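Asks: Below you'll find run-v3.tsv; it's TSV, C-alpha atoms.
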```tsv
chain	number	residue	atom	x	y	z
Q	97	MET	CA	-28.99	21.28	6.88
Q	98	PRO	CA	-26.38	22.96	4.67
Q	99	LEU	CA	-23.69	24.99	6.42
Q	100	VAL	CA	-24.46	27.94	4.14
Q	101	PRO	CA	-27.85	28.89	2.67
Q	102	MET	CA	-29.18	26.76	-0.18
Q	103	PRO	CA	-28.48	28.42	-3.54
Q	104	ASP	CA	-31.50	29.49	-5.61
Q	105	GLY	CA	-32.83	26.74	-7.83
Q	106	PHE	CA	-31.28	23.91	-5.80
Q	107	SER	CA	-33.22	21.26	-3.90
Q	108	PRO	CA	-32.26	18.10	-1.95
Q	109	VAL	CA	-31.97	14.83	-3.91
Q	110	GLU	CA	-32.40	11.30	-2.46
Q	111	THR	CA	-34.07	12.65	0.69
Q	112	GLU	CA	-35.10	9.18	1.99
Q	113	GLY	CA	-32.94	6.37	3.38
Q	114	PHE	CA	-29.19	6.54	2.80
Q	115	GLY	CA	-29.26	9.88	0.99
Q	116	GLY	CA	-31.41	11.55	3.63
Q	117	PHE	CA	-29.44	10.15	6.56
Q	118	SER	CA	-25.94	10.76	5.16
Q	119	GLY	CA	-26.67	14.00	3.27
Q	120	PRO	CA	-28.15	16.38	2.43
Q	121	VAL	CA	-27.04	16.45	-1.21
Q	122	LEU	CA	-28.44	19.36	-3.22
Q	123	GLY	CA	-29.11	19.15	-6.93
Q	124	GLY	CA	-29.35	22.06	-9.36
Q	125	ALA	CA	-27.53	23.65	-12.27
Q	126	ASP	CA	-25.00	26.38	-12.96
Q	127	ALA	CA	-23.43	27.80	-16.13
Q	128	ASP	CA	-21.56	24.50	-16.68
Q	129	GLY	CA	-24.68	22.30	-16.43
Q	130	PRO	CA	-26.16	20.05	-13.72
Q	131	VAL	CA	-24.25	20.17	-10.44
Q	132	PHE	CA	-24.65	18.61	-6.99
Q	133	LEU	CA	-23.54	20.30	-3.75
Q	134	PHE	CA	-22.51	18.69	-0.47
Q	135	ASP	CA	-21.18	20.37	2.68
Q	136	ILE	CA	-18.71	18.32	4.75
Q	137	ALA	CA	-19.89	18.23	8.39
Q	138	ALA	CA	-18.53	16.60	11.56
Q	139	LYS	CA	-20.58	13.41	11.06
Q	140	HIS	CA	-18.94	12.77	7.65
Q	141	LEU	CA	-15.35	12.45	8.88
Q	142	ASN	CA	-12.87	9.58	9.15
Q	143	LEU	CA	-10.39	8.74	11.91
Q	144	TYR	CA	-8.04	11.47	10.63
Q	145	GLY	CA	-10.62	14.29	10.66
Q	146	ARG	CA	-11.13	14.32	6.87
Q	147	LEU	CA	-14.06	13.33	4.66
Q	148	HIS	CA	-14.63	9.55	5.08
Q	149	GLY	CA	-13.90	7.51	1.95
Q	150	GLY	CA	-17.26	5.79	2.32
Q	151	MET	CA	-19.12	9.11	2.32
Q	152	MET	CA	-17.07	10.27	-0.68
Q	153	MET	CA	-18.07	7.15	-2.63
Q	154	GLY	CA	-21.64	7.44	-1.32
Q	155	LEU	CA	-21.82	11.02	-2.61
Q	156	MET	CA	-20.32	9.97	-5.94
Q	157	SER	CA	-22.88	7.15	-6.23
Q	158	MET	CA	-25.72	9.63	-5.63
Q	159	VAL	CA	-24.35	12.07	-8.24
Q	160	MET	CA	-23.88	9.40	-10.93
Q	161	GLY	CA	-27.14	7.68	-9.94
Q	162	GLU	CA	-29.08	10.94	-10.39
Q	163	GLY	CA	-27.40	11.47	-13.75
Q	164	ALA	CA	-28.30	7.94	-14.84
Q	165	ARG	CA	-31.94	8.34	-13.72
Q	166	THR	CA	-32.28	11.71	-15.46
Q	167	ARG	CA	-31.01	10.24	-18.73
Q	168	THR	CA	-33.18	7.12	-18.46
Q	169	ARG	CA	-36.40	8.98	-17.55
Q	170	ALA	CA	-35.93	11.28	-20.53
Q	171	GLY	CA	-36.33	8.25	-22.82
Q	172	ASN	CA	-38.85	6.15	-20.85
Q	173	SER	CA	-40.50	7.46	-17.69
Q	174	ALA	CA	-41.17	3.90	-16.43
Q	175	ALA	CA	-37.60	2.63	-16.84
Q	176	LYS	CA	-35.43	2.05	-13.76
Q	177	THR	CA	-31.67	2.10	-13.34
Q	178	ARG	CA	-29.51	-0.04	-11.09
Q	179	PRO	CA	-25.76	0.16	-10.52
Q	180	LEU	CA	-23.75	-2.80	-11.79
Q	181	SER	CA	-20.25	-1.47	-11.08
Q	182	LEU	CA	-18.65	1.64	-9.57
Q	183	ASN	CA	-14.95	2.49	-9.72
Q	184	CYS	CA	-13.74	5.39	-7.58
Q	185	ASP	CA	-10.25	6.94	-7.49
Q	186	PHE	CA	-9.34	9.06	-4.47
Q	187	ILE	CA	-7.30	12.03	-5.74
Q	188	SER	CA	-7.25	14.25	-2.66
Q	189	ALA	CA	-8.91	14.62	0.74
Q	190	GLY	CA	-11.99	16.64	1.72
Q	191	GLU	CA	-11.81	18.84	4.81
Q	192	PRO	CA	-14.54	19.81	7.30
Q	193	GLY	CA	-16.39	22.90	6.07
Q	194	ASP	CA	-15.53	22.26	2.41
Q	195	ARG	CA	-18.40	22.52	-0.09
Q	196	VAL	CA	-18.03	19.66	-2.58
Q	197	GLU	CA	-19.32	20.02	-6.16
Q	198	GLY	CA	-20.29	16.82	-7.98
Q	199	ARG	CA	-20.75	16.52	-11.73
Q	200	THR	CA	-21.52	13.60	-14.01
Q	201	ILE	CA	-21.94	12.87	-17.71
Q	202	VAL	CA	-23.22	9.94	-19.74
Q	203	THR	CA	-20.25	8.48	-21.66
Q	204	ARG	CA	-22.43	6.12	-23.68
Q	205	ALA	CA	-26.00	4.86	-23.54
Q	206	THR	CA	-27.20	1.62	-25.12
Q	207	ARG	CA	-30.73	0.22	-24.85
Q	208	SER	CA	-29.89	-1.65	-21.62
Q	209	ILE	CA	-26.63	-0.12	-20.31
Q	210	LEU	CA	-25.44	3.36	-19.27
Q	211	PHE	CA	-21.76	4.23	-18.95
Q	212	MET	CA	-21.31	7.18	-16.57
Q	213	ARG	CA	-18.35	9.34	-15.55
Q	214	GLY	CA	-18.28	11.56	-12.51
Q	215	SER	CA	-16.09	13.89	-10.49
Q	216	LEU	CA	-16.05	15.59	-7.09
Q	217	MET	CA	-14.26	18.92	-6.63
Q	218	VAL	CA	-13.73	21.54	-3.92
Q	219	GLY	CA	-13.09	24.77	-5.81
Q	220	GLU	CA	-10.31	23.94	-8.28
Q	221	ARG	CA	-9.14	20.89	-6.30
Q	222	LEU	CA	-10.12	17.43	-7.59
Q	223	LEU	CA	-11.20	15.02	-4.83
Q	224	MET	CA	-12.43	12.02	-6.81
Q	225	THR	CA	-12.93	10.74	-10.33
Q	226	ALA	CA	-15.22	7.78	-10.93
Q	227	THR	CA	-16.87	5.65	-13.57
Q	228	GLY	CA	-20.10	3.70	-13.21
Q	229	VAL	CA	-21.91	1.10	-15.28
Q	230	TYR	CA	-25.69	1.03	-14.82
Q	231	ALA	CA	-28.36	-1.35	-16.07
Q	232	VAL	CA	-31.52	0.16	-17.57
Q	233	GLU	CA	-34.52	-1.99	-16.71
Q	234	THR	CA	-37.86	-1.58	-18.41
Q	235	GLU	CA	-41.06	-3.47	-17.58
Q	236	GLY	CA	-40.68	-7.18	-18.29
Q	237	ARG	CA	-37.09	-6.89	-19.46
Q	238	LYS	CA	-33.87	-7.08	-17.44
V	783	MET	CA	-26.02	5.96	17.29
V	784	THR	CA	-28.69	3.35	16.70
V	785	LYS	CA	-29.30	0.57	19.25
V	786	VAL	CA	-28.63	-2.71	17.46
V	787	THR	CA	-27.79	-6.01	19.15
V	788	PRO	CA	-24.67	-7.65	17.67
V	789	PRO	CA	-25.43	-10.82	15.67
V	790	ALA	CA	-24.37	-14.11	17.33
V	791	GLY	CA	-20.58	-14.40	17.54
V	792	PHE	CA	-19.95	-10.77	16.54
V	793	SER	CA	-18.81	-7.85	18.66
V	794	ARG	CA	-19.29	-4.17	17.98
V	795	GLN	CA	-16.53	-2.34	16.08
V	796	GLU	CA	-15.40	0.24	18.65
V	797	LEU	CA	-13.14	2.60	16.66
V	798	PRO	CA	-14.55	6.14	17.09
V	799	VAL	CA	-14.81	6.97	13.38
V	800	PRO	CA	-17.55	9.64	13.09
V	801	PHE	CA	-19.11	8.55	9.77
V	802	GLU	CA	-19.01	4.84	10.72
V	803	VAL	CA	-20.65	5.61	14.08
V	804	HIS	CA	-23.30	7.64	12.19
V	805	MET	CA	-24.12	4.88	9.68
V	806	GLY	CA	-23.36	1.87	11.89
V	807	PRO	CA	-22.98	0.05	14.13
V	808	LEU	CA	-20.51	-2.18	12.30
V	809	PHE	CA	-19.59	-5.59	13.73
V	810	GLU	CA	-16.61	-7.93	13.61
V	811	ARG	CA	-15.98	-11.60	14.34
V	812	VAL	CA	-12.60	-13.39	14.53
V	813	GLU	CA	-12.72	-16.92	13.12
V	814	THR	CA	-10.82	-19.85	14.66
V	815	ASP	CA	-8.19	-19.53	11.87
V	816	GLY	CA	-7.61	-15.87	12.84
V	817	SER	CA	-9.39	-14.38	9.81
V	818	ARG	CA	-11.87	-11.58	10.41
V	819	VAL	CA	-15.46	-11.27	9.25
V	820	GLY	CA	-17.10	-7.84	9.15
V	821	ALA	CA	-20.86	-7.32	9.28
V	822	PHE	CA	-23.70	-4.82	9.50
V	823	ILE	CA	-27.46	-5.21	9.69
V	824	ALA	CA	-29.26	-3.27	6.97
V	825	ASP	CA	-31.97	-0.89	8.19
V	826	GLU	CA	-34.06	1.98	6.80
V	827	ARG	CA	-31.13	4.45	7.06
V	828	HIS	CA	-29.24	2.40	4.43
V	829	LEU	CA	-31.85	2.12	1.68
V	830	ARG	CA	-32.43	3.49	-1.80
V	831	ALA	CA	-35.82	4.76	-3.00
V	832	ASP	CA	-36.67	1.23	-4.25
V	833	GLY	CA	-36.24	-0.22	-0.74
V	834	THR	CA	-33.01	-2.14	-1.38
V	835	VAL	CA	-29.68	-1.27	0.26
V	836	HIS	CA	-27.96	1.75	-1.33
V	837	GLU	CA	-24.64	1.20	-3.10
V	838	GLY	CA	-23.26	4.12	-1.10
V	839	MET	CA	-23.87	2.25	2.17
V	840	LEU	CA	-22.24	-0.89	0.77
V	841	MET	CA	-19.17	1.10	-0.27
V	842	THR	CA	-19.09	2.81	3.13
V	843	PHE	CA	-19.05	-0.61	4.83
V	844	ALA	CA	-16.40	-1.78	2.32
V	845	ASP	CA	-14.22	1.27	2.93
V	846	ALA	CA	-14.44	0.77	6.70
V	847	PHE	CA	-13.75	-2.96	6.81
V	848	LEU	CA	-11.24	-3.23	3.93
V	849	GLY	CA	-9.41	-0.28	5.45
V	850	ARG	CA	-9.07	-2.22	8.71
V	851	ALA	CA	-7.66	-5.19	6.77
V	852	ALA	CA	-5.16	-2.96	4.94
V	853	MET	CA	-4.14	-1.24	8.18
V	854	HIS	CA	-3.63	-4.61	9.88
V	855	GLU	CA	-1.48	-5.80	6.93
V	856	ALA	CA	0.55	-2.57	7.13
V	857	GLY	CA	1.51	-3.29	10.73
V	858	ASP	CA	-1.14	-0.93	12.17
V	859	ARG	CA	0.22	2.07	10.25
V	860	SER	CA	-2.51	4.39	8.99
V	861	VAL	CA	-3.76	3.88	5.43
V	862	VAL	CA	-5.87	5.92	3.02
V	863	THR	CA	-8.02	4.69	0.14
V	864	LEU	CA	-6.45	5.12	-3.32
V	865	SER	CA	-9.05	3.32	-5.41
V	866	MET	CA	-12.05	1.02	-5.00
V	867	GLN	CA	-14.11	-0.93	-7.52
V	868	ALA	CA	-17.36	-2.61	-6.53
V	869	SER	CA	-19.58	-5.00	-8.52
V	870	PHE	CA	-23.18	-5.23	-7.29
V	871	LEU	CA	-24.40	-8.81	-7.70
V	872	ALA	CA	-27.76	-8.98	-5.90
V	873	ASP	CA	-30.28	-6.82	-4.04
V	874	ILE	CA	-30.09	-6.57	-0.25
V	875	LYS	CA	-33.19	-5.91	1.91
V	876	SER	CA	-33.72	-4.13	5.20
V	877	GLY	CA	-33.03	-6.60	8.05
V	878	ASP	CA	-30.44	-8.58	6.09
V	879	LEU	CA	-27.12	-9.36	7.81
V	880	VAL	CA	-24.38	-8.39	5.33
V	881	GLU	CA	-21.04	-10.15	5.93
V	882	CYS	CA	-17.63	-9.32	4.45
V	883	ARG	CA	-14.53	-11.48	4.07
V	884	THR	CA	-11.30	-9.90	2.84
V	885	LYS	CA	-8.20	-11.20	1.08
V	886	ILE	CA	-4.82	-9.43	0.91
V	887	GLU	CA	-3.76	-9.77	-2.75
V	888	LYS	CA	-0.39	-8.03	-2.34
V	889	LYS	CA	1.53	-5.62	-0.16
V	890	THR	CA	4.34	-3.48	-1.50
V	891	ARG	CA	6.41	-0.97	0.48
V	892	SER	CA	3.71	1.70	0.10
V	893	VAL	CA	0.54	0.05	-1.23
V	894	VAL	CA	-1.78	-2.75	-0.03
V	895	PHE	CA	-4.13	-4.52	-2.49
V	896	VAL	CA	-7.26	-5.86	-0.79
V	897	SER	CA	-10.16	-7.77	-2.38
V	898	ALA	CA	-13.36	-8.76	-0.62
V	899	HIS	CA	-16.56	-10.73	-1.01
V	900	PHE	CA	-19.83	-9.71	0.59
V	901	THR	CA	-22.59	-12.22	1.35
V	902	VAL	CA	-26.12	-12.38	2.76
V	903	GLY	CA	-27.06	-15.83	4.06
V	904	GLY	CA	-24.26	-17.36	2.00
V	905	GLU	CA	-25.34	-15.70	-1.27
V	906	GLU	CA	-22.76	-13.36	-2.82
V	907	VAL	CA	-24.13	-9.79	-3.07
V	908	MET	CA	-21.04	-7.69	-3.84
V	909	ALA	CA	-17.39	-8.12	-4.84
V	910	THR	CA	-14.75	-5.41	-4.44
V	911	ALA	CA	-11.12	-4.74	-5.31
V	912	SER	CA	-9.22	-1.90	-3.64
V	913	LEU	CA	-5.82	-0.20	-3.26
V	914	TRP	CA	-4.59	1.49	-0.09
V	915	LYS	CA	-1.66	3.87	0.46
V	916	ILE	CA	0.39	3.30	3.60
V	917	SER	CA	1.01	6.67	5.25
V	918	GLY	CA	4.59	7.88	5.60
V	919	THR	CA	5.95	5.82	2.72
V	920	GLY	CA	6.52	8.67	0.25
```
Kindly present the structure from the file in C-alpha cells form.

Replies:
Amino acid sequence: MPLVPMPDGFSPVETEGFGGFSGPVLGGADADGPVFLFDIAAKHLNLYGRLHGGMMMGLMSMVMGEGARTRTRAGNSAAKTRPLSLNCDFISAGEPGDRVEGRTIVTRATRSILFMRGSLMVGERLLMTATGVYAVETEGRK
Amino acid sequence: MTKVTPPAGFSRQELPVPFEVHMGPLFERVETDGSRVGAFIADERHLRADGTVHEGMLMTFADAFLGRAAMHEAGDRSVVTLSMQASFLADIKSGDLVECRTKIEKKTRSVVFVSAHFTVGGEEVMATASLWKISGTG
C-alpha cells in the first residue's frame, strides 16, 4: 500500500503479476496531464539503500507501457502493444520514502510503431529519462 | 522469499539486495572457463497481463547480473547504473529458465561497458547494452 493516502482520482495500474508484486503504481492526472505515482519502500532498495535500478526501469516500463496502451486503445480497442526496445538513463538516485512521479508522451505514432519518451522525478529532481519503441499489433497483423 | 530449487549446476545468488530478494531468487553458475552464467525461473510474479514475462522483470534481472559483472571487472569496487538499453526479441513464459551471459566491452578509469545476451533453451530472448560508473572515480 502507498506510504501516504492515495490521491483522489488515482487508482493502481498493472495490478497483476510484475506490477502487482513490485508496485503498487498509481495512475491518474494532474494539471500537467497523466501522471503515475510510486512510493519507494524497503523492498525496492539496492545494496546501497537506494532505489534499485531494476525497479526504476520496471517503473519506467510500466509508465511508458500504460502511455502506449492508452494511445493504441484510443485508435483501436482490440490492438495490443509490445515493447521492442527500452533505453533508460539513470540521472540521480531515489531514496526510501521518496514519492516518484512518472510521465510519458508519444513522440511519434505510425500504423505499427509507437515512439515513447518518459521521465521519473522526485519533486524537482530528475531520476531517469527514457525512450521506448513499441510495436502495435492488430488482429492478423504483426 | 519464494522457495525455488536452483536449476542443475546453478547456486543461489546470496547477496542481500532487498529488491532482488523480493523478485528472485536469482541463480549463478561458473563455467569451466571461469565465465559466469546468471539465471532465474519465470513465475507468476514476473508476468504481464498477457501472461508473458514483463520487460520490467527482465531489466531487473539484467541490472542485477550485469551489475555483478561490472563490479567484478572494477575489482569489486561498487558500481551504479548509468544507462541500459534492452531489445526484446521473443516472448518468455512462466516456468521458463532465463539465462544471461555477459561480455565486458570496455573498461575505462571510471566507466565499465557491459553487453549481454539472454536465452531460453538456447533461443535468444533479449539483448542488452549498458554503462556503469565505478564509485569513487570522480

Asks: Using all atoms listed in the file, which protein or nucleic acid residues come within 10 Å of Lys875 (chain V)? Drop anything in the same chain fewer than 5 positions from it, and give the result as a ChimeraX atom specification.

Replies: /V:823-826,828-829,833-836,880,902

Asks: Determine, counting all atoms listed in the file, which protein, DNA and RNA residues have an atom within 8 Å of an atom of region 191-206 of chain Q; residues of the same chain fewer than 3 positions away are not included. Present the result as a PyMOL selection string.

Replies: chain Q and resi 99+130-138+141+145-147+156+159-160+163-164+167+209-219

Asks: Could I get the residues of chain V with an atom no further than 10 Å from an atom of chain Q, each paired with its nearest atom pair and that distance in Å to one decimal, using all atoms listed in the file, sorted by chain and residue number, as a Markdown table?

Replies:
```
| residue | atom | partner | partner_atom | distance |
| --- | --- | --- | --- | --- |
| V:Leu797 | CA | Q:Leu143 | CA | 8.2 |
| V:Pro798 | CA | Q:Leu143 | CA | 7.1 |
| V:Val799 | CA | Q:Leu143 | CA | 5.0 |
| V:Pro800 | CA | Q:Lys139 | CA | 5.2 |
| V:Phe801 | CA | Q:His140 | CA | 4.7 |
| V:Glu802 | CA | Q:Asn142 | CA | 7.9 |
| V:Val803 | CA | Q:Lys139 | CA | 8.4 |
| V:His804 | CA | Q:Lys139 | CA | 6.5 |
| V:Met805 | CA | Q:Ser118 | CA | 7.6 |
| V:Asp825 | CA | Q:Gly113 | CA | 8.8 |
| V:Glu826 | CA | Q:Gly113 | CA | 5.7 |
| V:Arg827 | CA | Q:Gly113 | CA | 4.5 |
| V:His828 | CA | Q:Phe114 | CA | 4.4 |
| V:Leu829 | CA | Q:Gly113 | CA | 4.7 |
| V:Arg830 | CA | Q:Gly113 | CA | 5.9 |
| V:Ala831 | CA | Q:Glu112 | CA | 6.7 |
| V:Asp832 | CA | Q:Lys176 | CA | 9.6 |
| V:Gly833 | CA | Q:Gly113 | CA | 8.4 |
| V:Thr834 | CA | Q:Gly113 | CA | 9.8 |
| V:Val835 | CA | Q:Phe114 | CA | 8.2 |
| V:His836 | CA | Q:Phe114 | CA | 6.4 |
| V:Glu837 | CA | Q:Ser157 | CA | 6.9 |
| V:Gly838 | CA | Q:Gly154 | CA | 3.7 |
| V:Met839 | CA | Q:Gly154 | CA | 6.6 |
| V:Leu840 | CA | Q:Gly150 | CA | 8.5 |
| V:Met841 | CA | Q:Gly150 | CA | 5.7 |
| V:Thr842 | CA | Q:Gly150 | CA | 3.6 |
| V:Phe843 | CA | Q:Gly150 | CA | 7.1 |
| V:Ala844 | CA | Q:Gly150 | CA | 7.6 |
| V:Asp845 | CA | Q:Gly150 | CA | 5.5 |
| V:Ala846 | CA | Q:Gly150 | CA | 7.2 |
| V:Gly849 | CA | Q:Gly149 | CA | 9.6 |
| V:Ser860 | CA | Q:Tyr144 | CA | 9.1 |
| V:Val862 | CA | Q:Gly149 | CA | 8.3 |
| V:Thr863 | CA | Q:Phe186 | CA | 6.5 |
| V:Leu864 | CA | Q:Phe186 | CA | 5.0 |
| V:Ser865 | CA | Q:Asp185 | CA | 4.3 |
| V:Met866 | CA | Q:Cys184 | CA | 5.3 |
| V:Gln867 | CA | Q:Asn183 | CA | 4.2 |
| V:Ala868 | CA | Q:Leu182 | CA | 5.4 |
| V:Ser869 | CA | Q:Ser181 | CA | 4.4 |
| V:Phe870 | CA | Q:Leu180 | CA | 5.1 |
| V:Leu871 | CA | Q:Leu180 | CA | 7.3 |
| V:Ala872 | CA | Q:Leu180 | CA | 9.4 |
| V:Asp873 | CA | Q:Arg178 | CA | 9.8 |
| V:Met908 | CA | Q:Ser181 | CA | 9.6 |
| V:Ala909 | CA | Q:Ser181 | CA | 9.6 |
| V:Thr910 | CA | Q:Ser181 | CA | 9.5 |
| V:Ala911 | CA | Q:Asn183 | CA | 9.3 |
| V:Ser912 | CA | Q:Asn183 | CA | 9.4 |
| V:Leu913 | CA | Q:Asp185 | CA | 9.4 |
| V:Trp914 | CA | Q:Phe186 | CA | 10.0 |
```

Asks: I'd like the box whose edges run along x, y and z of the file and which contains every listed atom of region 895-909 of chain V, padded by 5 Å per side; could you state its centre and edge lengths in Å, one decimal, as AutoDock Vina command-line options?

Replies:
```
--center_x -15.6 --center_y -10.9 --center_z -0.4 --size_x 32.9 --size_y 22.8 --size_z 18.9
```

Asks: Of the candidates V:Leu808, V:Ile886, V:Ile916, V:Ala790, which shows the shortest atom-to-atom distance to Arg859 (chain V), using only C-alpha atoms?

Replies: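 Smallest distance to Arg859 (chain V) is found for V:Ile916.
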
Asks: Please indicate the distance in Å from CA of Ser897 (chain V) to CA of Gly119 (chain Q), rounded to one decimal place.

Replies: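 About the pair CA of Ser897 (chain V) and CA of Gly119 (chain Q): they are 27.9 Å apart.
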
Asks: Quick one, how far is CA of Ala851 (chain V) from CA of Glu905 (chain V)?

Replies: 22.1 Å

Asks: Which residue gives the smallest distance to Leu848 (chain V) among V:Val786, V:Val907, V:Val893, V:Cys882, with only C-alpha atoms counted?

Replies: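 Ranked by minimum distance to Leu848 (chain V), first place goes to V:Cys882.
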
Asks: Just checking: using only C-alpha atoms, which residue out of Q:Met102, Q:Ala175, Q:Ala170, Q:Leu222 ends up closest to Pro120 (chain Q)?

Replies: Q:Met102

Asks: What is the distance, in Å and to one decimal place, between CA of Glu233 (chain Q) and CA of Gly904 (chain V)?

Replies: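 Separation of CA of Glu233 (chain Q) and CA of Gly904 (chain V): 26.3 Å.
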